[in-house]
Amino acid sequence: MSTPQPPVGPVDNTRIPRYAGPPTFAQLPRIDQVPAADVAVLGVPFDSGVSYRPGARFGPGHIRTASKLLRPYNPALDVAPFAVQQVVDAGDLAVNPFDIGEAVATIEAAARGFAADGVRLLTLGGDHTIALPLLRAAAATHGPIGVVHFDAHLDTWDTYFGEPTTHGTPFRRASEEGLLDPERCLHVGIRGPLYTAQDLTADGVLGFQVIRADDYETSSVADVVARMRQRLGDGPVYVSVDIDILDPAHAPGTGTPEAGGLTSRELLNTLRGLVGLDVIGADLVEVSPPYDHAEITGVAASHIAFELLSVLARNRLA
Ligand SMILES: N=C(N)NCCCC(=O)O
Ligand SMILES: [Zn+2]
Ligand SMILES: [Zn+2]
């Protein structure tokens with residue numbers, strides 16, 4: 001929904017020191033402080049689906065704190081993402097940490113509510129389990145969607161300890177439920193040990209192509225972007241970013257780190273390559289502040305969020 005008045009942007013940090021400003025993402029207004037929003041940044045502090053280190057329930061707050069250092073203009077994309085669309089902070093969703101099914105239902109209902117109001121979501125996790133209800137809500141609006149999934153991991157495994165809804169399984173469930181367009185799905189950043197060689201073949205059957213982390217060694221970012229854009233085509237695209245796509249040197253604060261990952265520069269430049277695609281929503285998951293150092297992961301995450309919001313802004317101008 002377009003807003004009648006000019007968007008309310010972040011607090012002016014030339015007048016109010018950024019450490020004194022509000023605790024919202026990028027010091028933007030809260031959703032209740034403006035008449036209407038185009039994009040909402042929504043925290044989902046849920047980490048009951050993890051297979052290893054916990055802590056991602058504290059991710060939204062950590063990313064918001066690191067985002068105090070963002071500035072309003074993005075020179076790489078020549079856009080001021082908070083000036084051409086009303087971006088708001090929708091706070092954190094209260095989800096049940098003891099009942100995965102109930103948590104997932106709460107997230108889907110909330111996401112459907114935002115969609116009904118014409119508000120696009122950038123969701124801050126939380127672990128990767130939350131992508132499943134977000135994809136359910138997105139497909140309810142758009143039909144089967146293309147997905148670009150930035151991650152060290154496939155996240156198309158079947159079950160863990162008999163549990164089908166975990167952070168290692170959202171894209172298998174989404175595929176089984178017909179939420180995804182099998183011609184337009186892609187993982188970027190895959191690396192590290194698997195359980196068996198069949199993990200990759202099963203993943204391909206579900207409709208995913210793979211750009212490996214190692215492909216950044218042999219191809220330029222521009223080549224990777226060209227492959228990505230060809231796979232995603234013209235239809236609606238959902239973007240899911242697991243912070244562990246980054247090398248642990250660039251993002252130590254995460255639950256299942258894998259060596260040999262992307263630099264933050266490689267990822268930011270790849271995300272810029274989404275401009276012009278029909279990005280309908282995005283998530284940023286698996287930031288686990290207890291394992292972070294010197295806000296390295298928080299800063300990377302806040303910049304990833306900034307680039308995603310910039311892509312939405314550029315698309316609005318086109
Ligand atoms: N989605 C993330 N970050 N990790 C999934 C790893 C699942 C496993 O431990 O095999
Ligand atoms: Zn993941
Ligand atoms: Zn991962």
# chains A, B, ... in the order shown; residues from 1 in each chain; ligands from 1
call {"tool": "closest_atom_pairs", "arguments": {"of": "chain A", "to": "ligand 3", "cutoff": "8 Å", "atoms": "only C-alpha atoms and all ligand atoms", "output": "CSV"}}
result
residue,atom,partner,partner_atom_place_in_ligand_line,distance
A:His128,CA,ligand 3,1 (Zn),7.6
A:Asp151,CA,ligand 3,1 (Zn),4.8
A:Ala152,CA,ligand 3,1 (Zn),4.8
A:His153,CA,ligand 3,1 (Zn),4.4
A:Leu154,CA,ligand 3,1 (Zn),7.4
A:Asp155,CA,ligand 3,1 (Zn),7.2
A:Gly168,CA,ligand 3,1 (Zn),7.8
A:Asp242,CA,ligand 3,1 (Zn),5.4
A:Ile243,CA,ligand 3,1 (Zn),7.1
A:Asp244,CA,ligand 3,1 (Zn),5.0
A:Ile245,CA,ligand 3,1 (Zn),6.5
A:Thr256,CA,ligand 3,1 (Zn),6.4
A:Pro257,CA,ligand 3,1 (Zn),7.4
A:Glu286,CA,ligand 3,1 (Zn),7.3
call {"tool": "residues_around", "arguments": {"residues": "Pro7 in chain A", "least_positions_apart": "2", "cutoff": "9 Å", "atoms": "only C-alpha atoms", "output": "PyMOL selection string"}}
result
chain A and resi 3-5+9+34+37+82-87
call {"tool": "closest_residue", "arguments": {"among": "A:Gly113, A:Pro289, A:Gly255, A:Pro75", "to": "ligand 1", "atoms": "only C-alpha atoms and all ligand atoms"}}
result
A:Gly255
call {"tool": "closest_residue", "arguments": {"among": "A:Gly207, A:Gly273, A:Pro54, A:Gly281", "to": "ligand 1", "atoms": "only C-alpha atoms and all ligand atoms"}}
result
A:Pro54
call {"tool": "residues_around", "arguments": {"residues": "Tyr216 in chain A", "least_positions_apart": "4", "cutoff": "12 Å", "atoms": "only C-alpha atoms", "output": "list of chain:residue names"}}
result
A:Val188, A:Gly189, A:Ile190, A:Arg191, A:Ile211, A:Arg212, A:Ser220, A:Val221, A:Ala222, A:Asp223, A:Val224, A:Val225, A:Gly260, A:Gly261, A:Leu262, A:Thr263, A:Arg265, A:Glu266, A:Leu267, A:Asn269, A:Thr270
call {"tool": "closest_residue", "arguments": {"among": "A:His149, A:Arg112, A:Arg231, A:Arg184", "to": "ligand 2", "atoms": "only C-alpha atoms and all ligand atoms"}}
result
A:His149
call {"tool": "closest_residue", "arguments": {"among": "A:Val148, A:Leu28, A:Leu122, A:Leu194", "to": "ligand 1", "atoms": "only C-alpha atoms and all ligand atoms"}}
result
A:Leu194
call {"tool": "select_by_dssp", "arguments": {"residues": "range 47-233 of chain A", "states": "helix (DSSP H, G or I)", "output": "ChimeraX atom specification"}}
result
/A:56-69,100-116,128-142,170-176,198-205,215-218,221-232
call {"tool": "select_by_dssp", "arguments": {"residues": "range 52-167 of chain A", "states": "strand (DSSP E or B)", "output": "list of chain:residue names"}}
result
A:Asn74, A:Val79, A:Val87, A:Val88, A:Asp89, A:Ala90, A:Gly91, A:Asp92, A:Arg120, A:Leu121, A:Leu122, A:Thr123, A:Leu124, A:Gly125, A:Ile145, A:Gly146, A:Val147, A:Val148, A:His149, A:Phe150, A:Tyr160, A:Glu163
call {"tool": "write_last_selection", "arguments": {"atoms": "N, CA and C atoms", "output": "PDB file, in the first residue's frame"}}
result
ATOM      1  N   ASN A  74      22.123   4.402   0.509  1.00  0.00           N
ATOM      2  CA  ASN A  74      22.900   3.247   0.043  1.00  0.00           C
ATOM      3  C   ASN A  74      23.592   3.615  -1.273  1.00  0.00           C
ATOM      4  N   VAL A  79      20.185   4.438  -3.649  1.00  0.00           N
ATOM      5  CA  VAL A  79      18.810   4.547  -3.162  1.00  0.00           C
ATOM      6  C   VAL A  79      18.834   4.862  -1.667  1.00  0.00           C
ATOM      7  N   VAL A  87       9.153   2.175   5.903  1.00  0.00           N
ATOM      8  CA  VAL A  87       9.632   0.982   6.605  1.00  0.00           C
ATOM      9  C   VAL A  87       9.405   1.212   8.093  1.00  0.00           C
ATOM     10  N   VAL A  88       8.885   0.200   8.767  1.00  0.00           N
ATOM     11  CA  VAL A  88       8.604   0.307  10.205  1.00  0.00           C
ATOM     12  C   VAL A  88       9.173  -0.906  10.926  1.00  0.00           C
ATOM     13  N   ASP A  89       9.293  -0.752  12.229  1.00  0.00           N
ATOM     14  CA  ASP A  89       9.639  -1.890  13.083  1.00  0.00           C
ATOM     15  C   ASP A  89       8.353  -2.393  13.724  1.00  0.00           C
ATOM     16  N   ALA A  90       8.024  -3.646  13.445  1.00  0.00           N
ATOM     17  CA  ALA A  90       6.785  -4.243  13.979  1.00  0.00           C
ATOM     18  C   ALA A  90       7.025  -4.987  15.286  1.00  0.00           C
ATOM     19  N   GLY A  91       8.192  -4.793  15.882  1.00  0.00           N
ATOM     20  CA  GLY A  91       8.458  -5.440  17.173  1.00  0.00           C
ATOM     21  C   GLY A  91       8.678  -6.934  17.031  1.00  0.00           C
ATOM     22  N   ASP A  92       8.562  -7.634  18.140  1.00  0.00           N
ATOM     23  CA  ASP A  92       8.786  -9.082  18.163  1.00  0.00           C
ATOM     24  C   ASP A  92       7.464  -9.810  18.342  1.00  0.00           C
ATOM     25  N   ARG A 120       4.828  -5.697   3.119  1.00  0.00           N
ATOM     26  CA  ARG A 120       5.863  -6.720   2.897  1.00  0.00           C
ATOM     27  C   ARG A 120       6.669  -6.912   4.169  1.00  0.00           C
ATOM     28  N   LEU A 121       7.164  -8.130   4.355  1.00  0.00           N
ATOM     29  CA  LEU A 121       7.883  -8.451   5.586  1.00  0.00           C
ATOM     30  C   LEU A 121       9.352  -8.711   5.333  1.00  0.00           C
ATOM     31  N   LEU A 122      10.175  -8.112   6.193  1.00  0.00           N
ATOM     32  CA  LEU A 122      11.546  -8.577   6.376  1.00  0.00           C
ATOM     33  C   LEU A 122      11.581  -9.120   7.800  1.00  0.00           C
ATOM     34  N   THR A 123      11.661 -10.430   7.926  1.00  0.00           N
ATOM     35  CA  THR A 123      11.561 -11.079   9.231  1.00  0.00           C
ATOM     36  C   THR A 123      12.956 -11.393   9.762  1.00  0.00           C
ATOM     37  N   LEU A 124      13.190 -11.001  11.016  1.00  0.00           N
ATOM     38  CA  LEU A 124      14.470 -11.288  11.658  1.00  0.00           C
ATOM     39  C   LEU A 124      14.288 -12.466  12.615  1.00  0.00           C
ATOM     40  N   GLY A 125      15.019 -13.561  12.357  1.00  0.00           N
ATOM     41  CA  GLY A 125      14.927 -14.723  13.249  1.00  0.00           C
ATOM     42  C   GLY A 125      15.819 -14.565  14.448  1.00  0.00           C
ATOM     43  N   ILE A 145       5.931 -20.192  -5.225  1.00  0.00           N
ATOM     44  CA  ILE A 145       6.890 -19.092  -5.370  1.00  0.00           C
ATOM     45  C   ILE A 145       8.294 -19.618  -5.649  1.00  0.00           C
ATOM     46  N   GLY A 146       9.105 -18.776  -6.273  1.00  0.00           N
ATOM     47  CA  GLY A 146      10.531 -19.056  -6.373  1.00  0.00           C
ATOM     48  C   GLY A 146      11.198 -18.714  -5.050  1.00  0.00           C
ATOM     49  N   VAL A 147      12.260 -19.454  -4.737  1.00  0.00           N
ATOM     50  CA  VAL A 147      12.983 -19.201  -3.493  1.00  0.00           C
ATOM     51  C   VAL A 147      14.472 -19.143  -3.781  1.00  0.00           C
ATOM     52  N   VAL A 148      15.112 -18.079  -3.294  1.00  0.00           N
ATOM     53  CA  VAL A 148      16.574 -18.082  -3.253  1.00  0.00           C
ATOM     54  C   VAL A 148      16.967 -18.158  -1.788  1.00  0.00           C
ATOM     55  N   HIS A 149      17.698 -19.222  -1.492  1.00  0.00           N
ATOM     56  CA  HIS A 149      18.008 -19.598  -0.112  1.00  0.00           C
ATOM     57  C   HIS A 149      19.525 -19.499   0.077  1.00  0.00           C
ATOM     58  N   PHE A 150      19.942 -18.476   0.822  1.00  0.00           N
ATOM     59  CA  PHE A 150      21.365 -18.248   1.081  1.00  0.00           C
ATOM     60  C   PHE A 150      21.732 -18.954   2.385  1.00  0.00           C
ATOM     61  N   TYR A 160      14.416 -34.652  12.338  1.00  0.00           N
ATOM     62  CA  TYR A 160      15.433 -34.800  13.397  1.00  0.00           C
ATOM     63  C   TYR A 160      14.743 -35.377  14.624  1.00  0.00           C
ATOM     64  N   GLU A 163      11.128 -35.358  14.501  1.00  0.00           N
ATOM     65  CA  GLU A 163      10.434 -34.064  14.392  1.00  0.00           C
ATOM     66  C   GLU A 163      10.544 -33.524  12.960  1.00  0.00           C
TER      67      GLU A 163
END
call {"tool": "closest_residue", "arguments": {"among": "A:Val237, A:Ala115, A:Ile130, A:Ala294", "to": "ligand 2", "atoms": "only C-alpha atoms and all ligand atoms"}}
result
A:Ile130
call {"tool": "residues_around", "arguments": {"residues": "Phe306 in chain A", "least_positions_apart": "6", "cutoff": "12 Å", "atoms": "only C-alpha atoms", "output": "ChimeraX atom specification"}}
result
/A:25-26,41,63-64,66-77,79-82,87,122,268,271-272,282,284,299-300,312-313
call {"tool": "write_last_selection", "arguments": {"atoms": "C-alpha atoms", "output": "short mmCIF file (atom, residue, chain, number, x, y, z; two decimals), in the first residue's frame"}}
result
data_model
loop_
_atom_site.label_atom_id
_atom_site.label_comp_id
_atom_site.auth_asym_id
_atom_site.auth_seq_id
_atom_site.Cartn_x
_atom_site.Cartn_y
_atom_site.Cartn_z
CA PHE A 25 15.57 -1.38 13.64
CA ALA A 26 17.66 1.44 12.07
CA VAL A 41 10.77 -5.45 9.99
CA ILE A 63 20.43 -7.09 14.92
CA ARG A 64 18.44 -4.04 16.01
CA ALA A 66 23.86 -3.31 15.53
CA SER A 67 21.56 -1.47 13.09
CA LYS A 68 22.03 1.77 15.06
CA LEU A 69 25.13 2.32 12.92
CA LEU A 70 23.29 2.23 9.58
CA ARG A 71 22.98 5.45 7.61
CA PRO A 72 20.04 6.39 5.37
CA TYR A 73 21.63 6.33 1.88
CA ASN A 74 22.90 3.25 0.04
CA PRO A 75 25.54 4.36 -2.47
CA ALA A 76 26.00 0.89 -3.99
CA LEU A 77 22.37 0.85 -5.15
CA VAL A 79 18.81 4.55 -3.16
CA ALA A 80 17.60 5.87 0.20
CA PRO A 81 15.59 2.82 1.30
CA PHE A 82 13.66 4.60 4.07
CA VAL A 87 9.63 0.98 6.61
CA LEU A 122 11.55 -8.58 6.38
CA LEU A 268 26.18 -8.03 0.03
CA LEU A 271 22.04 -9.50 -2.68
CA ARG A 272 22.34 -6.28 -4.71
CA ALA A 282 12.55 -12.01 3.00
CA LEU A 284 17.28 -13.25 7.95
CA VAL A 299 26.88 -5.75 12.04
CA ALA A 300 26.92 -8.17 9.09
CA LEU A 312 12.72 -3.44 -2.23
CA ALA A 313 13.19 0.33 -2.47
#
call {"tool": "atom_distance", "arguments": {"atom1": "CA of Ala40 in chain A", "atom2": "CA of Ile280 in chain A"}}
result
12.2 Å
call {"tool": "closest_residue", "arguments": {"among": "A:Trp157, A:Leu179, A:Arg172, A:Glu258", "to": "Ala137 in chain A", "atoms": "only C-alpha atoms"}}
result
A:Leu179
call {"tool": "atom_distance", "arguments": {"atom1": "CA of Ser302 in chain A", "atom2": "CA of Thr14 in chain A"}}
result
19.9 Å
call {"tool": "residues_around", "arguments": {"residues": "Glu176 in chain A", "least_positions_apart": "4", "cutoff": "12 Å", "atoms": "only C-alpha atoms", "output": "ChimeraX atom specification"}}
result
/A:132,136,144,156-158,164,169-172,180-182,203,205-207
call {"tool": "residues_around", "arguments": {"residues": "Leu135 in chain A", "least_positions_apart": "3", "cutoff": "8 Å", "atoms": "only C-alpha atoms", "output": "short mmCIF file (atom, residue, chain, number, x, y, z; two decimals) with C-alpha atoms, in the first residue's frame"}}
result
data_model
loop_
_atom_site.label_atom_id
_atom_site.label_comp_id
_atom_site.auth_asym_id
_atom_site.auth_seq_id
_atom_site.Cartn_x
_atom_site.Cartn_y
_atom_site.Cartn_z
CA ALA A 131 10.91 -19.91 7.06
CA LEU A 132 8.23 -22.62 6.75
CA ALA A 138 3.65 -16.12 0.98
CA ALA A 139 2.32 -18.98 -1.14
CA ALA A 174 7.63 -26.33 1.83
CA LEU A 179 4.52 -23.91 -1.79
CA TYR A 238 11.07 -15.16 -1.56
#
